[in-house]
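The structure file model36.txt is reproduced below (compact mmCIF, C-alpha atoms).
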# COMPACT_ATOMS: atom_id res chain seq x y z
CA MET A 1 9.36 -69.94 -59.53
CA HIS A 2 10.21 -66.47 -58.25
CA GLU A 3 7.55 -66.71 -55.54
CA VAL A 4 10.13 -68.72 -53.57
CA ASP A 5 12.50 -65.73 -53.58
CA MET A 6 9.66 -63.36 -52.80
CA THR A 7 8.75 -65.52 -49.81
CA ARG A 8 12.39 -65.38 -48.69
CA CYS A 9 12.27 -61.57 -48.83
CA LEU A 10 8.99 -61.57 -46.94
CA LEU A 11 10.41 -63.80 -44.19
CA LEU A 12 13.42 -61.51 -43.78
CA SER A 13 11.06 -58.58 -43.19
CA LEU A 14 8.92 -60.61 -40.79
CA ASN A 15 12.00 -61.70 -38.83
CA GLN A 16 13.03 -58.07 -38.47
CA TRP A 17 9.54 -57.19 -37.30
CA LYS A 18 9.66 -60.00 -34.75
CA GLY A 19 12.89 -58.57 -33.35
CA GLN A 20 11.11 -55.31 -32.53
CA HIS A 21 8.95 -57.16 -29.99
CA ARG A 22 11.72 -58.76 -27.99
CA PRO A 23 11.70 -59.99 -25.35
CA LYS A 24 8.02 -60.74 -26.00
CA ARG A 25 7.11 -63.40 -28.49
CA PRO A 26 4.58 -62.58 -31.24
CA GLU A 27 2.37 -65.39 -32.47
CA VAL A 28 1.23 -64.47 -35.97
CA SER A 29 -2.10 -65.59 -37.34
CA LEU A 30 -2.40 -63.63 -40.58
CA VAL A 31 -0.02 -61.65 -42.78
CA HIS A 32 -1.99 -59.31 -45.02
CA LEU A 33 -0.43 -58.62 -48.41
CA GLN A 34 -1.52 -56.34 -51.21
CA VAL A 35 -0.55 -57.65 -54.62
CA GLY A 36 -1.26 -55.65 -57.74
CA ALA A 37 -2.67 -57.28 -60.85
CA PHE A 38 0.16 -55.69 -62.86
CA THR A 39 2.96 -57.62 -61.16
CA CYS A 40 4.61 -60.96 -61.86
CA VAL A 41 3.14 -62.54 -58.73
CA GLU A 42 0.76 -65.46 -58.75
CA PRO A 43 -1.09 -65.21 -55.39
CA GLU A 44 -1.78 -68.95 -55.24
CA ALA A 45 1.89 -69.77 -55.76
CA LEU A 46 2.86 -67.26 -53.09
CA ARG A 47 0.43 -68.80 -50.58
CA PHE A 48 1.78 -72.25 -51.37
CA THR A 49 5.46 -71.33 -50.98
CA TYR A 50 4.74 -69.40 -47.79
CA GLY A 51 2.95 -72.39 -46.27
CA ALA A 52 5.92 -74.60 -47.08
CA ALA A 53 8.52 -72.11 -45.88
CA VAL A 54 7.06 -71.42 -42.43
CA GLN A 55 6.68 -75.07 -41.42
CA GLY A 56 8.48 -75.81 -38.17
CA GLY A 57 9.44 -72.17 -37.58
CA TRP A 58 8.08 -69.36 -35.44
CA LEU A 59 5.53 -68.48 -38.15
CA ALA A 60 4.12 -72.01 -38.36
CA GLY A 61 0.35 -71.91 -38.42
CA SER A 62 0.19 -68.40 -39.87
CA GLU A 63 -1.31 -67.74 -43.28
CA LEU A 64 -1.18 -65.16 -46.00
CA CYS A 65 -4.24 -63.09 -46.73
CA ILE A 66 -3.71 -61.63 -50.20
CA GLU A 67 -5.73 -58.70 -51.47
CA THR A 68 -5.48 -58.30 -55.22
CA ILE A 69 -5.35 -54.69 -56.36
CA PRO A 70 -6.75 -54.19 -59.87
CA LEU A 71 -4.82 -52.48 -62.63
CA ARG A 72 -6.05 -48.93 -63.10
CA ALA A 73 -4.53 -46.27 -65.31
CA ARG A 74 -5.12 -42.58 -65.94
CA CYS A 75 -5.51 -41.29 -69.45
CA LEU A 76 -3.15 -38.34 -69.67
CA ARG A 77 -5.19 -36.78 -72.43
CA CYS A 78 -8.59 -36.54 -70.72
CA GLU A 79 -7.70 -37.50 -67.11
CA ALA A 80 -10.18 -40.39 -67.11
CA ILE A 81 -9.35 -43.40 -64.94
CA TYR A 82 -9.74 -46.66 -66.83
CA SER A 83 -9.11 -50.38 -66.38
CA PRO A 84 -6.69 -51.79 -68.94
CA GLU A 85 -7.17 -55.44 -69.88
CA PRO A 86 -3.90 -57.16 -68.95
CA GLY A 87 -2.55 -59.25 -71.80
CA ASN A 88 -4.75 -57.56 -74.34
CA ALA A 89 -5.41 -53.84 -74.40
CA TYR A 90 -3.64 -51.10 -72.47
CA ARG A 91 -4.67 -47.99 -74.39
CA SER A 92 -7.30 -45.74 -72.87
CA PRO A 93 -10.76 -46.48 -74.32
CA CYS A 94 -11.61 -42.76 -74.24
CA CYS A 95 -8.71 -41.29 -76.22
CA ASP A 96 -6.77 -44.35 -77.45
CA HIS A 97 -3.78 -43.03 -75.48
CA PRO A 98 -0.98 -45.41 -74.38
CA MET A 99 -0.85 -46.55 -70.75
CA GLU A 100 1.24 -43.71 -69.40
CA GLU A 101 0.30 -43.36 -65.73
CA ILE A 102 -0.52 -46.40 -63.62
CA VAL A 103 -2.77 -45.49 -60.70
CA SER A 104 -2.83 -48.92 -59.07
CA GLY A 105 -1.82 -52.49 -59.83
CA ARG A 106 1.95 -52.37 -59.18
CA GLU A 107 1.63 -53.01 -55.43
CA LEU A 108 3.77 -55.63 -53.73
CA ARG A 109 3.17 -54.65 -50.14
CA ILE A 110 3.10 -56.15 -46.66
CA ARG A 111 0.05 -54.29 -45.41
CA SER A 112 -0.32 -55.55 -41.84
CA ILE A 113 0.19 -58.43 -39.43
CA ASP A 114 -2.42 -59.94 -37.09
CA TYR A 115 -0.84 -61.46 -33.99
CA GLN A 116 -0.89 -62.00 -30.24
CA LEU A 117 1.95 -61.17 -27.90
CA HIS A 118 3.17 -63.74 -25.41
CA ASP A 119 5.03 -62.67 -22.31
CA ASP A 120 6.76 -66.00 -21.85
CA ALA A 121 9.93 -64.56 -23.24
CA LEU A 122 12.57 -66.98 -24.35
CA ILE A 123 15.43 -67.33 -21.91
CA PRO A 124 17.94 -64.77 -23.23
CA ALA A 125 20.79 -67.28 -23.31
CA LEU A 126 18.76 -69.53 -25.60
CA SER A 127 17.16 -66.89 -27.84
CA SER A 128 19.71 -66.89 -30.58
CA SER A 129 17.18 -66.37 -33.37
CA PRO A 130 17.10 -62.83 -34.76
CA MET B 1 -6.08 -64.84 -23.03
CA HIS B 2 -4.03 -62.40 -25.08
CA MET B 3 -5.42 -59.48 -27.00
CA PRO B 4 -5.42 -59.86 -30.77
CA LEU B 5 -3.17 -57.13 -32.18
CA THR B 6 -2.53 -55.70 -35.62
CA ASP B 7 0.58 -53.88 -36.79
CA THR B 8 0.32 -51.85 -39.98
CA LEU B 9 3.55 -52.08 -41.93
CA GLY B 10 2.92 -50.79 -45.47
CA LEU B 11 6.32 -52.24 -46.32
CA ASN B 12 7.49 -53.30 -49.78
CA LEU B 13 7.22 -57.09 -50.01
CA LEU B 14 10.66 -57.12 -51.63
CA ALA B 15 12.14 -54.67 -49.12
CA ALA B 16 15.06 -56.99 -48.36
CA ASN B 17 16.05 -57.14 -52.03
CA GLN B 18 15.38 -53.45 -52.51
CA HIS B 19 17.65 -52.59 -49.59
CA GLN B 20 20.52 -54.56 -51.11
CA ALA B 21 19.82 -53.08 -54.56
CA ASP B 22 20.01 -49.54 -53.16
CA HIS B 23 23.28 -50.48 -51.48
CA ASN B 24 24.70 -51.76 -54.79
CA ARG B 25 23.61 -48.55 -56.53
CA GLN B 26 25.37 -46.43 -53.92
CA HIS B 27 28.57 -48.26 -54.81
CA PHE B 28 27.99 -47.73 -58.55
CA ASP B 29 27.43 -44.02 -57.95
CA ALA B 30 30.54 -43.74 -55.80
CA TRP B 31 32.52 -45.44 -58.57
CA ARG B 32 30.90 -43.11 -61.13
CA LEU B 33 29.89 -45.98 -63.39
CA LEU B 34 26.65 -46.70 -65.19
CA CYS B 35 25.06 -50.08 -64.47
CA LEU B 36 22.65 -51.58 -67.00
CA ASN B 37 20.42 -54.60 -66.32
CA VAL B 38 19.92 -56.43 -69.62
CA MET B 39 16.88 -58.69 -69.75
CA SER B 40 14.99 -60.76 -72.29
CA SER B 41 13.62 -64.21 -72.97
CA PRO B 42 16.21 -66.95 -73.63
CA GLY B 43 17.65 -66.65 -77.13
CA ALA B 44 16.58 -63.05 -77.83
CA GLY B 45 20.22 -62.21 -78.47
CA LYS B 46 21.56 -60.62 -75.28
CA THR B 47 25.01 -62.17 -75.52
CA SER B 48 25.36 -61.62 -79.28
CA LEU B 49 24.42 -57.98 -78.84
CA LEU B 50 26.89 -57.54 -75.98
CA GLU B 51 29.65 -59.07 -78.10
CA ARG B 52 29.01 -56.51 -80.85
CA THR B 53 28.36 -53.54 -78.59
CA ILE B 54 31.30 -54.14 -76.27
CA THR B 55 33.64 -54.57 -79.26
CA ALA B 56 32.36 -51.35 -80.81
CA LEU B 57 32.56 -49.28 -77.63
CA ALA B 58 35.79 -50.73 -76.20
CA PRO B 59 37.96 -47.92 -77.62
CA ARG B 60 35.84 -45.33 -75.81
CA LEU B 61 34.60 -46.99 -72.62
CA SER B 62 36.02 -49.18 -69.89
CA MET B 63 33.52 -52.00 -69.29
CA ALA B 64 32.92 -55.22 -67.35
CA VAL B 65 30.13 -57.78 -67.31
CA LEU B 66 28.33 -59.66 -64.55
CA GLU B 67 26.95 -62.63 -66.40
CA GLY B 68 23.90 -64.42 -64.98
CA ASP B 69 23.35 -67.94 -66.15
CA MET B 70 21.39 -70.74 -64.57
CA THR B 71 23.97 -73.52 -64.75
CA THR B 72 26.70 -72.90 -67.31
CA THR B 73 29.42 -70.34 -67.94
CA LEU B 74 29.10 -70.56 -71.74
CA ASP B 75 27.96 -66.95 -72.17
CA ALA B 76 30.71 -65.73 -69.87
CA GLN B 77 33.30 -67.50 -72.03
CA ARG B 78 31.89 -65.86 -75.18
CA LEU B 79 32.16 -62.41 -73.63
CA GLU B 80 35.65 -63.02 -72.19
CA ALA B 81 36.65 -63.74 -75.79
CA VAL B 82 35.90 -60.14 -76.82
CA GLY B 83 38.39 -58.93 -74.24
CA VAL B 84 36.27 -57.67 -71.38
CA PRO B 85 36.41 -58.79 -67.71
CA VAL B 86 33.47 -61.10 -67.00
CA VAL B 87 32.28 -62.48 -63.67
CA PRO B 88 29.93 -65.42 -64.14
CA ILE B 89 27.09 -65.71 -61.64
CA THR B 90 25.49 -69.12 -61.86
CA THR B 91 22.07 -68.85 -60.27
CA GLY B 92 21.34 -72.56 -59.95
CA ARG B 93 17.60 -72.98 -59.70
CA ALA B 94 16.82 -69.30 -59.60
CA CYS B 95 15.41 -67.91 -62.83
CA HIS B 96 16.62 -64.34 -62.23
CA LEU B 97 19.44 -62.41 -60.62
CA ASP B 98 18.72 -60.66 -57.36
CA ALA B 99 20.57 -57.86 -55.63
CA SER B 100 22.54 -60.11 -53.28
CA MET B 101 23.79 -62.27 -56.17
CA VAL B 102 24.99 -59.12 -57.92
CA SER B 103 26.62 -57.98 -54.68
CA GLY B 104 28.48 -61.30 -54.59
CA GLY B 105 29.52 -60.79 -58.22
CA LEU B 106 30.84 -57.32 -57.36
CA LYS B 107 33.07 -58.77 -54.63
CA LEU B 108 34.61 -61.14 -57.17
CA LEU B 109 34.98 -58.32 -59.69
CA LYS B 110 36.81 -56.18 -57.13
CA GLN B 111 39.42 -58.91 -56.72
CA ARG B 112 40.29 -58.46 -60.40
CA LEU B 113 40.05 -54.72 -60.97
CA ASP B 114 39.26 -51.36 -59.48
CA PRO B 115 35.58 -50.70 -60.28
CA ALA B 116 36.19 -46.96 -60.09
CA ALA B 117 38.12 -47.33 -63.35
CA LEU B 118 35.00 -48.61 -65.13
CA ASP B 119 32.52 -46.47 -67.09
CA LEU B 120 29.90 -49.12 -67.75
CA LEU B 121 28.94 -52.32 -65.93
CA TRP B 122 26.68 -54.71 -67.81
CA VAL B 123 24.52 -57.11 -65.82
CA GLU B 124 23.28 -59.77 -68.22
CA ASN B 125 20.28 -61.29 -66.49
CA VAL B 126 19.01 -64.86 -66.83
CA GLY B 127 16.86 -65.36 -69.93
CA ASN B 128 13.31 -64.93 -68.69
CA LEU B 129 10.56 -62.42 -69.44
CA VAL B 130 8.80 -62.72 -66.08
CA CYS B 131 10.87 -62.88 -62.89
CA PRO B 132 13.74 -60.45 -63.54
CA ALA B 133 11.23 -57.62 -63.97
CA GLU B 134 10.45 -57.55 -60.23
CA PHE B 135 13.96 -57.91 -58.80
CA GLU B 136 16.07 -54.79 -58.95
CA VAL B 137 19.80 -55.39 -58.71
CA GLY B 138 20.88 -51.77 -58.27
CA GLU B 139 20.94 -50.88 -61.96
CA HIS B 140 20.50 -47.33 -63.21
CA LEU B 141 18.65 -48.42 -66.33
CA LYS B 142 16.83 -51.53 -67.48
CA VAL B 143 17.26 -52.67 -71.05
CA ALA B 144 14.80 -55.25 -72.43
CA LEU B 145 15.41 -57.11 -75.68
CA LEU B 146 12.65 -58.51 -77.87
CA SER B 147 13.61 -60.44 -80.98
CA VAL B 148 11.30 -60.27 -83.97
CA THR B 149 11.11 -64.09 -84.05
CA GLU B 150 9.31 -64.08 -80.69
CA GLY B 151 6.15 -62.52 -82.11
CA GLU B 152 4.50 -59.12 -81.96
CA ASP B 153 2.29 -59.93 -78.98
CA LYS B 154 5.03 -60.37 -76.35
CA PRO B 155 4.91 -56.82 -74.92
CA LEU B 156 1.19 -57.35 -74.31
CA LYS B 157 1.65 -60.81 -72.79
CA TYR B 158 4.66 -59.95 -70.62
CA PRO B 159 3.83 -56.30 -69.98
CA VAL B 160 5.62 -55.83 -66.65
CA MET B 161 9.04 -56.42 -68.19
CA PHE B 162 8.41 -53.97 -71.02
CA ARG B 163 6.76 -51.46 -68.70
CA GLU B 164 9.77 -51.46 -66.38
CA ALA B 165 12.32 -51.10 -69.19
CA ASP B 166 13.93 -47.72 -69.84
CA CYS B 167 15.06 -48.93 -73.23
CA VAL B 168 13.62 -51.66 -75.47
CA LEU B 169 15.70 -53.18 -78.24
CA ILE B 170 13.82 -54.93 -81.05
CA THR B 171 16.50 -57.37 -82.22
CA LYS B 172 17.20 -59.65 -85.20
CA ILE B 173 15.58 -57.23 -87.64
CA ASP B 174 17.68 -58.79 -90.43
CA LEU B 175 15.20 -61.69 -90.24
CA LEU B 176 12.14 -59.51 -90.90
CA PRO B 177 11.89 -60.40 -94.63
CA TYR B 178 11.38 -64.06 -93.67
CA LEU B 179 8.73 -63.57 -90.98
CA PRO B 180 4.99 -62.88 -91.17
CA VAL B 181 5.30 -59.93 -88.78
CA GLN B 182 5.20 -56.16 -89.06
CA VAL B 183 7.91 -54.32 -87.19
CA GLU B 184 5.55 -51.38 -86.57
CA ARG B 185 3.39 -53.66 -84.48
CA PHE B 186 6.30 -54.53 -82.15
CA VAL B 187 6.92 -50.84 -81.62
CA ASP B 188 3.23 -50.07 -81.16
CA HIS B 189 2.81 -52.84 -78.56
CA VAL B 190 5.80 -51.62 -76.57
CA ASN B 191 4.42 -48.10 -76.80
CA GLN B 192 1.02 -49.24 -75.50
CA VAL B 193 2.44 -50.49 -72.21
CA ASN B 194 5.36 -48.07 -71.93
CA PRO B 195 5.24 -44.89 -74.03
CA ARG B 196 8.34 -43.53 -72.25
CA ALA B 197 10.76 -46.30 -73.27
CA ARG B 198 13.43 -45.53 -75.84
CA VAL B 199 12.99 -48.09 -78.62
CA PHE B 200 15.74 -49.10 -81.03
CA LEU B 201 15.47 -51.50 -83.96
CA LEU B 202 18.68 -53.38 -84.62
CA SER B 203 20.46 -56.52 -85.68
CA ALA B 204 23.60 -57.73 -83.96
CA SER B 205 24.42 -59.96 -86.91
CA SER B 206 24.05 -57.43 -89.76
CA GLY B 207 24.98 -54.43 -87.64
CA GLU B 208 21.93 -52.48 -88.79
CA GLY B 209 20.70 -49.98 -86.20
CA LEU B 210 23.63 -50.47 -83.82
CA GLY B 211 24.90 -46.93 -84.32
CA ALA B 212 21.87 -45.23 -82.77
CA TRP B 213 21.90 -47.64 -79.80
CA HIS B 214 25.60 -47.06 -79.20
CA GLN B 215 25.14 -43.30 -79.40
CA TRP B 216 22.36 -43.50 -76.80
CA LEU B 217 24.62 -45.62 -74.54
CA LEU B 218 27.44 -43.10 -74.76
CA GLU B 219 25.03 -40.33 -73.80
CA GLN B 220 23.77 -42.29 -70.78
CA VAL B 221 27.31 -43.04 -69.62
CA ALA B 222 28.25 -39.37 -70.02
CA VAL B 223 25.39 -38.35 -67.72
CA GLN B 224 26.54 -40.79 -65.04
CA VAL B 225 30.29 -40.35 -65.34
CA GLN B 226 30.25 -36.56 -65.42
CA PRO B 227 27.39 -35.47 -63.18
CA LEU B 228 25.67 -32.27 -64.23
CA PRO B 229 26.97 -29.16 -62.48
CA ALA B 230 24.92 -28.20 -59.47
CA LEU B 231 21.98 -25.97 -60.27
CA VAL B 232 22.42 -22.39 -59.22
CA ILE B 233 19.23 -21.11 -57.69
CA ARG B 234 18.90 -17.36 -58.08
Mind turning the file's structure into structure tokens?
Amino acid sequence: MHEVDMTRCLLLSLNQWKGQHRPKRPEVSLVHLQVGAFTCVEPEALRFTYGAAVQGGWLAGSELCIETIPLRARCLRCEAIYSPEPGNAYRSPCCDHPMEEIVSGRELRIRSIDYQLHDDALIPALSSSP
Amino acid sequence: MHMPLTDTLGLNLLAANQHQADHNRQHFDAWRLLCLNVMSSPGAGKTSLLERTITALAPRLSMAVLEGDMTTTLDAQRLEAVGVPVVPITTGRACHLDASMVSGGLKLLKQRLDPAALDLLWVENVGNLVCPAEFEVGEHLKVALLSVTEGEDKPLKYPVMFREADCVLITKIDLLPYLPVQVERFVDHVNQVNPRARVFLLSASSGEGLGAWHQWLLEQVAVQVQPLPALVIR
């Protein structure tokens, strides 16, 4: 279940982002992700592991909002953009050309974060979290 | 009441792993060695191929192996037996190697030898056609194996792995006479998802096709070990 490791990577990035706001405290409501259809990520599994991972921490209560980006390719023979059928057919329907250039579908991106900033900064001596 | 805010990041979801992978690659470049990430489903023949290839290339190249395995060190023992330094990395639950695991393996390797003396570092990933495709470890090239017993449809069903590969090895071709498959279809399916991959047909047990694969490896190592002279712009 590689979504667990992906969640770990995501949390590292979010912790770094949180550090940029010190001494204020961001309260995150939504983390917007873009996940391409041509990746090894199962959005449902990612949502599930995220929900489990943030329990009890500073991100508790936040959720993932995952936008799926469809797989699109460009036929290098006639320049047409087409939609390959994952698991079945990747050649261009126009020229029967192999899937050379992927236009979209490989995204694994943290797009944006919705949050509120709280001024009640943690007492410096106690704020050991990164 | 606080204002709702939005920060736009546009950051790679796997940025933390990518950062470590880039760091590993900087080391490989400084040591002037080529690092290959070898991936396939379990039982496609990664270890058997490495036994043959390492034995064949040992007179010409200095090599070491970082061996990913979920729980055992069996593969590491097999490769130690052909006379090459092997660092086992047991991943526990994880079904793939990530860049920090490889970084840990490098630390152990450095205790045994000077990596700058190596030409080629093999990273044998955990047998899995899904997860390893998304986790770079700092490799220069990805090599994916597909054995003919797995069926012709695998490049279509696990396309990300075969798309990401720089080189695809169709293995166990000595078994072709006994299987209801056509080798051309394996090649065509790889080509559909990744027309740029170098494809070799070979058998580690009969030795057929190994020569072309080894020649390609030597060429790739030569590029890395002796960087091209700087371009002169007139």
Computed gap from atom CA of Pro195 of chain B to atom CA of Ile69 of chain A is 22.8 Å
Please identify all residues of chain B having at least one atom at most 6 Å from any atom of chain A, considering only C-alpha atoms, and return them as a ChimeraX atom specification. /B:4-14,16,131,156-157,192-193
Checklist entry - For the atom pair atom CA of Ala21 of chain B and atom CA of Glu136 of chain B, what is the interatomic distance in Å to one decimal place? => result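 That distance, rounded to one decimal, is 6.0 Å.
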When you count all atoms listed in the file, which of these residues is closest to Asn15 of chain A: A:Gly105, A:Pro70, A:Pro43, A:Gly57?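 Once distances to Asn15 of chain A are computed over all atoms listed in the file, the minimum belongs to A:Gly57.
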Using only C-alpha atoms, which residues sit within 10 Å of Leu50 of chain B once same-chain residues fewer than 2 positions away are excluded, as a PDB file with C-alpha atoms, in the coordinates of the input?
ATOM      1  CA  VAL B  38      19.920 -56.430 -69.620  1.00  0.00           C
ATOM      2  CA  GLY B  45      20.220 -62.210 -78.470  1.00  0.00           C
ATOM      3  CA  LYS B  46      21.560 -60.620 -75.280  1.00  0.00           C
ATOM      4  CA  THR B  47      25.010 -62.170 -75.520  1.00  0.00           C
ATOM      5  CA  SER B  48      25.360 -61.620 -79.280  1.00  0.00           C
ATOM      6  CA  ARG B  52      29.010 -56.510 -80.850  1.00  0.00           C
ATOM      7  CA  THR B  53      28.360 -53.540 -78.590  1.00  0.00           C
ATOM      8  CA  ILE B  54      31.300 -54.140 -76.270  1.00  0.00           C
ATOM      9  CA  THR B  55      33.640 -54.570 -79.260  1.00  0.00           C
ATOM     10  CA  ALA B  56      32.360 -51.350 -80.810  1.00  0.00           C
ATOM     11  CA  VAL B  65      30.130 -57.780 -67.310  1.00  0.00           C
ATOM     12  CA  ARG B  78      31.890 -65.860 -75.180  1.00  0.00           C
ATOM     13  CA  LEU B  79      32.160 -62.410 -73.630  1.00  0.00           C
ATOM     14  CA  VAL B  82      35.900 -60.140 -76.820  1.00  0.00           C
ATOM     15  CA  TRP B 122      26.680 -54.710 -67.810  1.00  0.00           C
ATOM     16  CA  GLU B 124      23.280 -59.770 -68.220  1.00  0.00           C
ATOM     17  CA  ALA B 204      23.600 -57.730 -83.960  1.00  0.00           C
TER      18      ALA B 204
END
Q. Expressed in Å to a single decimal, how great is the separation between atom CA of Pro155 of chain B and atom CA of Val223 of chain B?
A.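 Separation of atom CA of Pro155 of chain B and atom CA of Val223 of chain B: 28.5 Å.
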| field | Using all atoms listed in the file: which of A:Gln55, A:Thr49, A:Ser83, A:Thr68 has the shortest distance to Gly36 of chain A | value |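 Residue with the minimum atom-to-atom distance to Gly36 of chain A: A:Thr68.
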One residue among B:Val148, B:Asp114, B:Val199, B:Val137 is nearest to Pro177 of chain B when using only C-alpha atoms, and that residue is B:Val148
B:Arg60, B:Leu120, B:Leu176, B:Ser100 ranked by distance to Gln220 of chain B, top pick (using all atoms listed in the file):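 Distance minimum relative to Gln220 of chain B lands on B:Leu120.
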Kindly list the centre and edge lengths in Å, rounded to one decimal, for the axis-aligned box that covers all listed atoms of segment 160-163 of chain B plus 8 Å on each of its six sides, as lines of an AutoDock Vina configuration file.
center_x = 7.3
center_y = -53.9
center_z = -68.8
size_x = 19.4
size_y = 21.0
size_z = 20.4
**Asked** If I put a ball of radius 8 Å at (23.8, -50.9, -75.1) in the file's coordinates, which residues poke into it when counting all atoms listed in the file, written as a ChimeraX atom specification?
**Response** /B:50,53,143,213-214,216-217
Problem - Exercise: Arg93 of chain B partners within 7 Å, all atoms listed in the file, chain neighbours under 2 positions left out, as number ranges by chain - result: B: 70, 91, 95
The residue from A:Ala45, A:Cys95, A:Tyr50, A:Ser104 with the smallest atom-to-atom distance to Leu71 of chain A, counting only C-alpha atoms, is A:Ser104
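Counting all atoms listed in the file and comparing B:Lys107, B:Lys142, B:His2, B:Arg32, the residue that lies closest to Leu66 of chain B is B:Lys107.
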Would you mind completing segment 136-151 of chain B to N, CA and C atoms and writing the output as a JSON list (two decimals), in the coordinates of the input?
[["chain", "number", "residue", "atom", "x", "y", "z"],
["B", 136, "GLU", "N", 15.03, -55.75, -58.63],
["B", 136, "GLU", "CA", 16.07, -54.79, -58.95],
["B", 136, "GLU", "C", 17.40, -55.31, -58.45],
["B", 137, "VAL", "N", 18.47, -54.98, -59.18],
["B", 137, "VAL", "CA", 19.80, -55.39, -58.71],
["B", 137, "VAL", "C", 20.66, -54.18, -58.37],
["B", 138, "GLY", "N", 20.12, -52.99, -58.54],
["B", 138, "GLY", "CA", 20.88, -51.77, -58.27],
["B", 138, "GLY", "C", 21.20, -51.01, -59.55],
["B", 139, "GLU", "N", 20.68, -51.49, -60.66],
["B", 139, "GLU", "CA", 20.94, -50.88, -61.96],
["B", 139, "GLU", "C", 20.42, -49.44, -62.02],
["B", 140, "HIS", "N", 21.02, -48.67, -62.93],
["B", 140, "HIS", "CA", 20.50, -47.33, -63.21],
["B", 140, "HIS", "C", 19.41, -47.40, -64.27],
["B", 141, "LEU", "N", 19.61, -48.30, -65.23],
["B", 141, "LEU", "CA", 18.65, -48.42, -66.33],
["B", 141, "LEU", "C", 18.41, -49.89, -66.64],
["B", 142, "LYS", "N", 17.18, -50.17, -67.04],
["B", 142, "LYS", "CA", 16.83, -51.53, -67.48],
["B", 142, "LYS", "C", 16.70, -51.53, -69.00],
["B", 143, "VAL", "N", 17.34, -52.52, -69.60],
["B", 143, "VAL", "CA", 17.26, -52.67, -71.05],
["B", 143, "VAL", "C", 16.59, -54.01, -71.34],
["B", 144, "ALA", "N", 15.50, -54.00, -72.08],
["B", 144, "ALA", "CA", 14.80, -55.25, -72.43],
["B", 144, "ALA", "C", 14.96, -55.50, -73.92],
["B", 145, "LEU", "N", 15.30, -56.74, -74.27],
["B", 145, "LEU", "CA", 15.41, -57.11, -75.68],
["B", 145, "LEU", "C", 14.17, -57.91, -76.08],
["B", 146, "LEU", "N", 13.76, -57.73, -77.32],
["B", 146, "LEU", "CA", 12.65, -58.51, -77.87],
["B", 146, "LEU", "C", 13.02, -58.82, -79.30],
["B", 147, "SER", "N", 13.23, -60.10, -79.61],
["B", 147, "SER", "CA", 13.61, -60.44, -80.98],
["B", 147, "SER", "C", 12.36, -60.61, -81.83],
["B", 148, "VAL", "N", 12.49, -60.25, -83.09],
["B", 148, "VAL", "CA", 11.30, -60.27, -83.97],
["B", 148, "VAL", "C", 10.76, -61.69, -84.16],
["B", 149, "THR", "N", 11.60, -62.71, -83.90],
["B", 149, "THR", "CA", 11.11, -64.09, -84.05],
["B", 149, "THR", "C", 10.18, -64.50, -82.91],
["B", 150, "GLU", "N", 10.14, -63.71, -81.84],
["B", 150, "GLU", "CA", 9.31, -64.08, -80.69],
["B", 150, "GLU", "C", 7.84, -63.74, -80.90],
["B", 151, "GLY", "N", 7.55, -62.88, -81.84],
["B", 151, "GLY", "CA", 6.15, -62.52, -82.11],
["B", 151, "GLY", "C", 5.80, -61.15, -81.57]]
